[in-house]
>>> print(open('final.pdb').read())   # PDB, C-alpha atoms
MODEL        1
ATOM      1  CA  MET A 900      81.021 108.924 103.744
ATOM      2  CA  ARG A 901      77.292 109.237 103.242
ATOM      3  CA  ASN A 902      77.012 111.941 105.904
ATOM      4  CA  GLY A 903      79.871 113.835 104.275
ATOM      5  CA  LEU A 904      78.234 113.590 100.862
ATOM      6  CA  ALA A 905      74.893 114.718 102.289
ATOM      7  CA  ARG A 906      76.529 117.781 103.881
ATOM      8  CA  ASP A 907      78.282 118.591 100.596
ATOM      9  CA  ILE A 908      74.997 118.303  98.731
ATOM     10  CA  LEU A 909      73.288 120.683 101.156
ATOM     11  CA  ASP A 910      76.172 123.168 101.008
ATOM     12  CA  LEU A 911      76.324 123.181  97.207
ATOM     13  CA  ALA A 912      72.532 123.292  96.935
ATOM     14  CA  ALA A 913      72.580 126.440  99.089
ATOM     15  CA  VAL A 914      75.223 127.993  96.828
ATOM     16  CA  HIS A 915      73.187 126.963  93.787
ATOM     17  CA  ALA A 916      70.017 128.521  95.191
ATOM     18  CA  LEU A 917      71.910 131.728  95.991
ATOM     19  CA  LEU A 918      73.260 131.930  92.434
ATOM     20  CA  VAL A 919      69.763 131.518  91.036
ATOM     21  CA  ALA A 920      68.165 133.987  93.459
ATOM     22  CA  SER A 921      70.837 136.617  92.774
ATOM     23  CA  ALA A 922      70.512 136.219  89.005
ATOM     24  CA  ILE A 923      66.712 136.366  89.011
ATOM     25  CA  ALA A 924      66.651 139.395  91.316
ATOM     26  CA  LEU A 925      69.059 141.308  89.071
ATOM     27  CA  ALA A 926      67.316 140.178  85.878
ATOM     28  CA  ALA A 927      63.937 141.260  87.263
ATOM     29  CA  ALA A 928      65.361 144.628  88.358
ATOM     30  CA  LEU A 929      66.481 145.206  84.759
ATOM     31  CA  ALA A 930      63.734 143.528  82.745
ATOM     32  CA  LEU A 931      60.612 144.675  84.616
ATOM     33  CA  PRO A 932      61.128 148.442  84.134
ATOM     34  CA  LEU A 933      62.396 147.885  80.582
ATOM     35  CA  GLY A 934      59.332 145.776  79.809
ATOM     36  CA  VAL A 935      56.993 148.439  81.198
ATOM     37  CA  TRP A 936      58.803 151.121  79.197
ATOM     38  CA  ALA A 937      58.703 149.083  75.972
ATOM     39  CA  ALA A 938      55.092 147.914  76.347
ATOM     40  CA  HIS A 939      53.633 150.792  74.349
ATOM     41  CA  ARG A 940      56.649 151.306  72.068
ATOM     42  CA  PRO A 941      56.620 148.608  69.332
ATOM     43  CA  GLY A 942      59.920 149.749  67.790
ATOM     44  CA  PRO A 943      62.062 149.666  70.960
ATOM     45  CA  ARG A 944      60.234 146.541  72.133
ATOM     46  CA  ARG A 945      61.288 144.598  69.031
ATOM     47  CA  TRP A 946      64.864 145.805  69.470
ATOM     48  CA  LEU A 947      64.980 144.928  73.166
ATOM     49  CA  LEU A 948      63.456 141.482  72.676
ATOM     50  CA  GLY A 949      65.821 140.820  69.784
ATOM     51  CA  ALA A 950      68.846 141.829  71.854
ATOM     52  CA  ALA A 951      67.730 139.699  74.811
ATOM     53  CA  GLY A 952      66.984 136.808  72.464
ATOM     54  CA  VAL A 953      70.550 136.829  71.135
ATOM     55  CA  PHE A 954      71.840 135.626  74.510
ATOM     56  CA  GLN A 955      69.410 132.697  74.412
ATOM     57  CA  THR A 956      71.002 131.465  71.186
ATOM     58  CA  ILE A 957      74.512 131.255  72.689
ATOM     59  CA  PRO A 958      75.317 127.884  74.294
ATOM     60  CA  SER A 959      75.656 128.184  78.067
ATOM     61  CA  LEU A 960      79.268 127.100  78.330
ATOM     62  CA  ALA A 961      80.277 129.385  75.461
ATOM     63  CA  LEU A 962      78.655 132.411  77.093
ATOM     64  CA  PHE A 963      80.429 131.715  80.376
ATOM     65  CA  GLY A 964      83.681 131.478  78.437
ATOM     66  CA  PHE A 965      83.050 134.700  76.498
ATOM     67  CA  LEU A 966      82.527 136.627  79.736
ATOM     68  CA  ILE A 967      85.742 135.529  81.450
ATOM     69  CA  PRO A 968      88.038 138.083  79.687
ATOM     70  CA  VAL A 969      85.513 140.960  79.893
ATOM     71  CA  PRO A 970      86.863 143.744  82.165
ATOM     72  CA  PHE A 971      85.089 144.384  85.500
ATOM     73  CA  ILE A 972      82.456 141.649  85.085
ATOM     74  CA  GLY A 973      84.650 138.782  83.890
ATOM     75  CA  GLY A 974      87.101 136.463  85.557
ATOM     76  CA  ILE A 975      86.811 133.121  87.294
ATOM     77  CA  GLY A 976      84.179 132.907  90.020
ATOM     78  CA  ARG A 977      80.587 133.559  90.980
ATOM     79  CA  ARG A 978      80.412 137.139  89.697
ATOM     80  CA  THR A 979      80.857 136.042  86.089
ATOM     81  CA  ALA A 980      78.428 133.170  86.627
ATOM     82  CA  VAL A 981      75.733 135.530  87.945
ATOM     83  CA  VAL A 982      76.215 137.926  85.004
ATOM     84  CA  ALA A 983      75.780 135.067  82.527
ATOM     85  CA  LEU A 984      72.677 133.788  84.319
ATOM     86  CA  VAL A 985      71.190 137.295  84.334
ATOM     87  CA  LEU A 986      71.642 137.519  80.563
ATOM     88  CA  TYR A 987      69.830 134.204  80.116
ATOM     89  CA  ALA A 988      66.970 135.195  82.428
ATOM     90  CA  LEU A 989      66.237 138.561  80.789
ATOM     91  CA  LEU A 990      64.184 137.418  77.789
ATOM     92  CA  PRO A 991      61.224 135.634  79.451
ATOM     93  CA  ILE A 992      60.813 138.373  82.081
ATOM     94  CA  LEU A 993      61.149 141.195  79.559
ATOM     95  CA  ARG A 994      58.868 139.575  76.992
ATOM     96  CA  ASN A 995      56.124 138.642  79.450
ATOM     97  CA  THR A 996      56.192 142.057  81.120
ATOM     98  CA  ALA A 997      55.864 143.892  77.801
ATOM     99  CA  THR A 998      53.196 141.465  76.586
ATOM    100  CA  GLY A 999      51.198 141.649  79.806
ATOM    101  CA  ILE A1000      51.170 145.451  79.957
ATOM    102  CA  SER A1001      50.427 145.928  76.253
ATOM    103  CA  SER A1002      47.567 143.385  76.422
ATOM    104  CA  VAL A1003      45.552 145.456  78.909
ATOM    105  CA  ASP A1004      42.308 146.565  77.275
ATOM    106  CA  PRO A1005      42.667 150.190  76.071
ATOM    107  CA  ALA A1006      39.120 150.849  77.256
ATOM    108  CA  VAL A1007      40.214 150.065  80.813
ATOM    109  CA  ARG A1008      43.046 152.587  80.552
ATOM    110  CA  GLU A1009      40.691 155.197  79.127
ATOM    111  CA  SER A1010      38.245 154.624  81.975
ATOM    112  CA  ALA A1011      41.013 155.013  84.528
ATOM    113  CA  ALA A1012      42.228 158.217  82.869
ATOM    114  CA  ALA A1013      38.652 159.541  82.786
ATOM    115  CA  MET A1014      38.473 158.988  86.550
ATOM    116  CA  GLY A1015      41.439 161.330  86.936
ATOM    117  CA  MET A1016      44.210 158.809  87.444
ATOM    118  CA  THR A1017      47.741 159.858  86.528
ATOM    119  CA  PRO A1018      49.850 157.638  84.228
ATOM    120  CA  ARG A1019      51.741 156.393  87.289
ATOM    121  CA  GLN A1020      48.515 155.487  89.064
ATOM    122  CA  ILE A1021      47.225 153.739  85.957
ATOM    123  CA  LEU A1022      50.422 151.690  85.796
ATOM    124  CA  PHE A1023      50.417 150.586  89.447
ATOM    125  CA  ARG A1024      46.675 150.329  90.064
ATOM    126  CA  VAL A1025      45.453 149.047  86.696
ATOM    127  CA  GLU A1026      48.093 147.761  84.294
ATOM    128  CA  LEU A1027      50.417 145.874  86.639
ATOM    129  CA  PRO A1028      47.613 144.096  88.557
ATOM    130  CA  LEU A1029      45.967 143.028  85.287
ATOM    131  CA  ALA A1030      49.296 141.911  83.823
ATOM    132  CA  ALA A1031      50.438 140.158  87.006
ATOM    133  CA  ARG A1032      49.707 136.611  85.832
ATOM    134  CA  THR A1033      51.696 137.083  82.637
ATOM    135  CA  ILE A1034      54.597 138.761  84.437
ATOM    136  CA  LEU A1035      54.735 136.052  87.102
ATOM    137  CA  ALA A1036      54.691 133.402  84.383
ATOM    138  CA  GLY A1037      57.784 135.020  82.885
ATOM    139  CA  LEU A1038      59.526 135.027  86.264
ATOM    140  CA  ARG A1039      58.577 131.397  86.724
ATOM    141  CA  ILE A1040      60.019 130.363  83.353
ATOM    142  CA  ALA A1041      63.194 132.368  83.963
ATOM    143  CA  THR A1042      63.699 130.875  87.427
ATOM    144  CA  VAL A1043      63.233 127.252  86.388
ATOM    145  CA  SER A1044      65.526 127.595  83.369
ATOM    146  CA  THR A1045      68.151 129.404  85.480
ATOM    147  CA  VAL A1046      68.259 126.509  87.949
ATOM    148  CA  GLY A1047      69.371 124.297  85.068
ATOM    149  CA  SER A1048      71.767 126.819  83.540
ATOM    150  CA  ALA A1049      73.406 127.428  86.919
ATOM    151  CA  THR A1050      74.898 123.926  86.867
ATOM    152  CA  ILE A1051      77.340 125.214  84.214
ATOM    153  CA  ALA A1052      78.633 127.818  86.692
ATOM    154  CA  ALA A1053      80.892 125.192  88.224
ATOM    155  CA  ALA A1054      82.937 125.176  85.009
ATOM    156  CA  ILE A1055      84.226 128.687  85.803
ATOM    157  CA  GLY A1056      84.492 128.371  89.566
ATOM    158  CA  GLY A1057      80.994 129.594  90.328
ATOM    159  CA  GLY A1058      80.171 126.658  92.581
ATOM    160  CA  GLY A1059      76.776 125.055  92.922
ATOM    161  CA  LEU A1060      75.520 121.561  92.198
ATOM    162  CA  GLY A1061      77.314 121.519  88.865
ATOM    163  CA  GLU A1062      80.494 120.694  90.783
ATOM    164  CA  PHE A1063      79.157 117.194  91.422
ATOM    165  CA  ILE A1064      78.133 116.809  87.791
ATOM    166  CA  PHE A1065      81.498 117.875  86.390
ATOM    167  CA  ARG A1066      83.371 115.747  88.941
ATOM    168  CA  GLY A1067      81.179 112.784  88.116
ATOM    169  CA  ILE A1068      81.728 113.191  84.381
ATOM    170  CA  ALA A1069      85.503 113.512  84.847
ATOM    171  CA  SER A1070      85.660 110.363  87.009
ATOM    172  CA  VAL A1071      82.845 108.490  85.219
ATOM    173  CA  ASP A1072      81.019 108.296  88.551
ATOM    174  CA  THR A1073      77.243 108.035  88.160
ATOM    175  CA  THR A1074      76.690 108.595  91.880
ATOM    176  CA  LEU A1075      78.342 112.027  91.763
ATOM    177  CA  ILE A1076      76.432 112.981  88.628
ATOM    178  CA  LEU A1077      73.152 112.054  90.297
ATOM    179  CA  ALA A1078      74.218 113.893  93.472
ATOM    180  CA  GLY A1079      74.245 117.077  91.404
ATOM    181  CA  ALA A1080      71.438 116.366  88.952
ATOM    182  CA  ILE A1081      68.735 115.189  91.367
ATOM    183  CA  PRO A1082      68.972 118.116  93.828
ATOM    184  CA  ALA A1083      69.068 120.546  90.872
ATOM    185  CA  ALA A1084      65.897 118.967  89.499
ATOM    186  CA  LEU A1085      64.272 119.184  92.944
ATOM    187  CA  LEU A1086      65.216 122.878  93.207
ATOM    188  CA  ALA A1087      63.617 123.483  89.810
ATOM    189  CA  LEU A1088      60.437 121.684  90.867
ATOM    190  CA  ILE A1089      60.278 123.602  94.159
ATOM    191  CA  ALA A1090      60.787 126.918  92.365
ATOM    192  CA  ASP A1091      58.173 126.045  89.742
ATOM    193  CA  GLY A1092      55.647 124.933  92.339
ATOM    194  CA  GLY A1093      56.252 127.895  94.639
ATOM    195  CA  LEU A1094      56.002 130.505  91.907
ATOM    196  CA  GLY A1095      53.006 128.700  90.446
ATOM    197  CA  TRP A1096      51.279 128.922  93.830
ATOM    198  CA  ILE A1097      52.070 132.643  94.043
ATOM    199  CA  GLU A1098      50.785 133.137  90.510
ATOM    200  CA  ASN A1099      47.477 131.441  91.313
ATOM    201  CA  ARG A1100      47.145 132.932  94.805
ATOM    202  CA  PHE A1101      47.859 136.604  94.226
ATOM    203  CA  ALA A1102      47.326 137.293  90.539
ATOM    204  CA  PRO A1103      43.829 138.256  89.436
ATOM    205  CA  VAL A1104      41.917 135.657  87.442
TER
ENDMDL
END
>>> encode(input="final.pdb", output="structure tokens")
Amino acid sequence: MRNGLARDILDLAAVHALLVASAIALAAALALPLGVWAAHRPGPRRWLLGAAGVFQTIPSLALFGFLIPVPFIGGIGRRTAVVALVLYALLPILRNTATGISSVDPAVRESAAAMGMTPRQILFRVELPLAARTILAGLRIATVSTVGSATIAAAIGGGGLGEFIFRGIASVDTTLILAGAIPAALLALIADGGLGWIENRFAPV
């Protein structure tokens, strides 16, 4: 019984990690370029942050439910779960990217331009390296919060460690609840520690 439970925990933890990784990858692919674009545009930046912030105000289970009837992206299963998790992960990545880029000293940009750098070179050689710590902090926050939000995915057939939690609640079984909650907490700690190490190791001081 214990061996069977351990295998189930490992299998669902792998599904959980895949949900989180997929959501963060898609959220980063959307939010990073949008954040760079909005960094020097206060008007669009306020609009984008406001729109992304709206999703943060919707309770997790409600957002999953709202997405089920949406054509093409809705339905029961992991696709809908990933879409919901992407929407939740957008704000911290978008906000930190825009903040990090816009906080670069204008004098540094002017110096780079005076050296003959193109706007693209300034972005990749000056702005992004200087904003790296802030951007990575946004990714770190988004990842850790997504690990927790992903437990709700089980409610719509998305799988993951939330299956244990929902089963445990339905059967009033503390062991099952802990079998989902503890590995989810460990995943969050591992993600936080790993991204924190990357932030300190590769980002400029």
>>> residues_around(input="final.pdb", residues="segment 1009-1012 of chain A", least_positions_apart="3", cutoff="12 Å", atoms="all atoms listed in the file", output="list of chain:residue names")
A:Val1003, A:Asp1004, A:Pro1005, A:Ala1006, A:Gly1015, A:Met1016, A:Thr1017, A:Pro1018, A:Arg1019, A:Gln1020, A:Ile1021, A:Leu1022, A:Phe1023, A:Arg1024, A:Val1025, A:Glu1026
>>> residues_around(input="final.pdb", residues="Leu989 of chain A", least_positions_apart="5", cutoff="8 Å", atoms="all atoms listed in the file", output="PyMOL selection string")
chain A and resi 926-927+929-930+951+1041
>>> closest_residue(input="final.pdb", among="A:Ala1087, A:Ala988, A:Leu1035, A:Ile975", to="Gly1057 of chain A", atoms="all atoms listed in the file")
A:Ile975
>>> resolve_selection(input="final.pdb", expression="the PyMOL selection byres ((chain A and resi 1027-1033) around 12)", output="number ranges by chain")
A: 931-932, 934-935, 938, 991-1004, 1007-1008, 1019-1026, 1034-1040, 1094-1104
>>> residues_near_point(input="final.pdb", point="(69.7, 122.1, 90.0)", cutoff="12 Å", atoms="all atoms listed in the file", output="mmCIF file with C-alpha atoms, keeping the file's coordinate frame")
data_model
loop_
_atom_site.group_PDB
_atom_site.id
_atom_site.type_symbol
_atom_site.label_atom_id
_atom_site.label_comp_id
_atom_site.auth_asym_id
_atom_site.auth_seq_id
_atom_site.Cartn_x
_atom_site.Cartn_y
_atom_site.Cartn_z
ATOM 1 C CA ILE A 908 74.997 118.303 98.731
ATOM 2 C CA LEU A 909 73.288 120.683 101.156
ATOM 3 C CA LEU A 911 76.324 123.181 97.207
ATOM 4 C CA ALA A 912 72.532 123.292 96.935
ATOM 5 C CA ALA A 913 72.580 126.440 99.089
ATOM 6 C CA VAL A 914 75.223 127.993 96.828
ATOM 7 C CA HIS A 915 73.187 126.963 93.787
ATOM 8 C CA ALA A 916 70.017 128.521 95.191
ATOM 9 C CA LEU A 917 71.910 131.728 95.991
ATOM 10 C CA LEU A 918 73.260 131.930 92.434
ATOM 11 C CA VAL A 919 69.763 131.518 91.036
ATOM 12 C CA THR A 1042 63.699 130.875 87.427
ATOM 13 C CA VAL A 1043 63.233 127.252 86.388
ATOM 14 C CA SER A 1044 65.526 127.595 83.369
ATOM 15 C CA THR A 1045 68.151 129.404 85.480
ATOM 16 C CA VAL A 1046 68.259 126.509 87.949
ATOM 17 C CA GLY A 1047 69.371 124.297 85.068
ATOM 18 C CA SER A 1048 71.767 126.819 83.540
ATOM 19 C CA ALA A 1049 73.406 127.428 86.919
ATOM 20 C CA THR A 1050 74.898 123.926 86.867
ATOM 21 C CA ILE A 1051 77.340 125.214 84.214
ATOM 22 C CA ALA A 1052 78.633 127.818 86.692
ATOM 23 C CA ALA A 1053 80.892 125.192 88.224
ATOM 24 C CA GLY A 1058 80.171 126.658 92.581
ATOM 25 C CA GLY A 1059 76.776 125.055 92.922
ATOM 26 C CA LEU A 1060 75.520 121.561 92.198
ATOM 27 C CA GLY A 1061 77.314 121.519 88.865
ATOM 28 C CA GLU A 1062 80.494 120.694 90.783
ATOM 29 C CA PHE A 1063 79.157 117.194 91.422
ATOM 30 C CA ILE A 1064 78.133 116.809 87.791
ATOM 31 C CA ILE A 1076 76.432 112.981 88.628
ATOM 32 C CA LEU A 1077 73.152 112.054 90.297
ATOM 33 C CA ALA A 1078 74.218 113.893 93.472
ATOM 34 C CA GLY A 1079 74.245 117.077 91.404
ATOM 35 C CA ALA A 1080 71.438 116.366 88.952
ATOM 36 C CA ILE A 1081 68.735 115.189 91.367
ATOM 37 C CA PRO A 1082 68.972 118.116 93.828
ATOM 38 C CA ALA A 1083 69.068 120.546 90.872
ATOM 39 C CA ALA A 1084 65.897 118.967 89.499
ATOM 40 C CA LEU A 1085 64.272 119.184 92.944
ATOM 41 C CA LEU A 1086 65.216 122.878 93.207
ATOM 42 C CA ALA A 1087 63.617 123.483 89.810
ATOM 43 C CA LEU A 1088 60.437 121.684 90.867
ATOM 44 C CA ILE A 1089 60.278 123.602 94.159
ATOM 45 C CA ALA A 1090 60.787 126.918 92.365
#
>>> atom_distance(input="final.pdb", atom1="atom CA of Tyr987 of chain A", atom2="atom CA of Leu925 of chain A")
11.5 Å
>>> atom_distance(input="final.pdb", atom1="atom CA of Gly973 of chain A", atom2="atom CA of Leu960 of chain A")
14.0 Å
>>> residues_around(input="final.pdb", residues="Leu966 of chain A", least_positions_apart="6", cutoff="8 Å", atoms="all atoms listed in the file", output="PyMOL selection string")
chain A and resi 972-974+979+983
>>> atom_distance(input="final.pdb", atom1="atom CA of Phe965 of chain A", atom2="atom CA of Leu986 of chain A")
12.4 Å
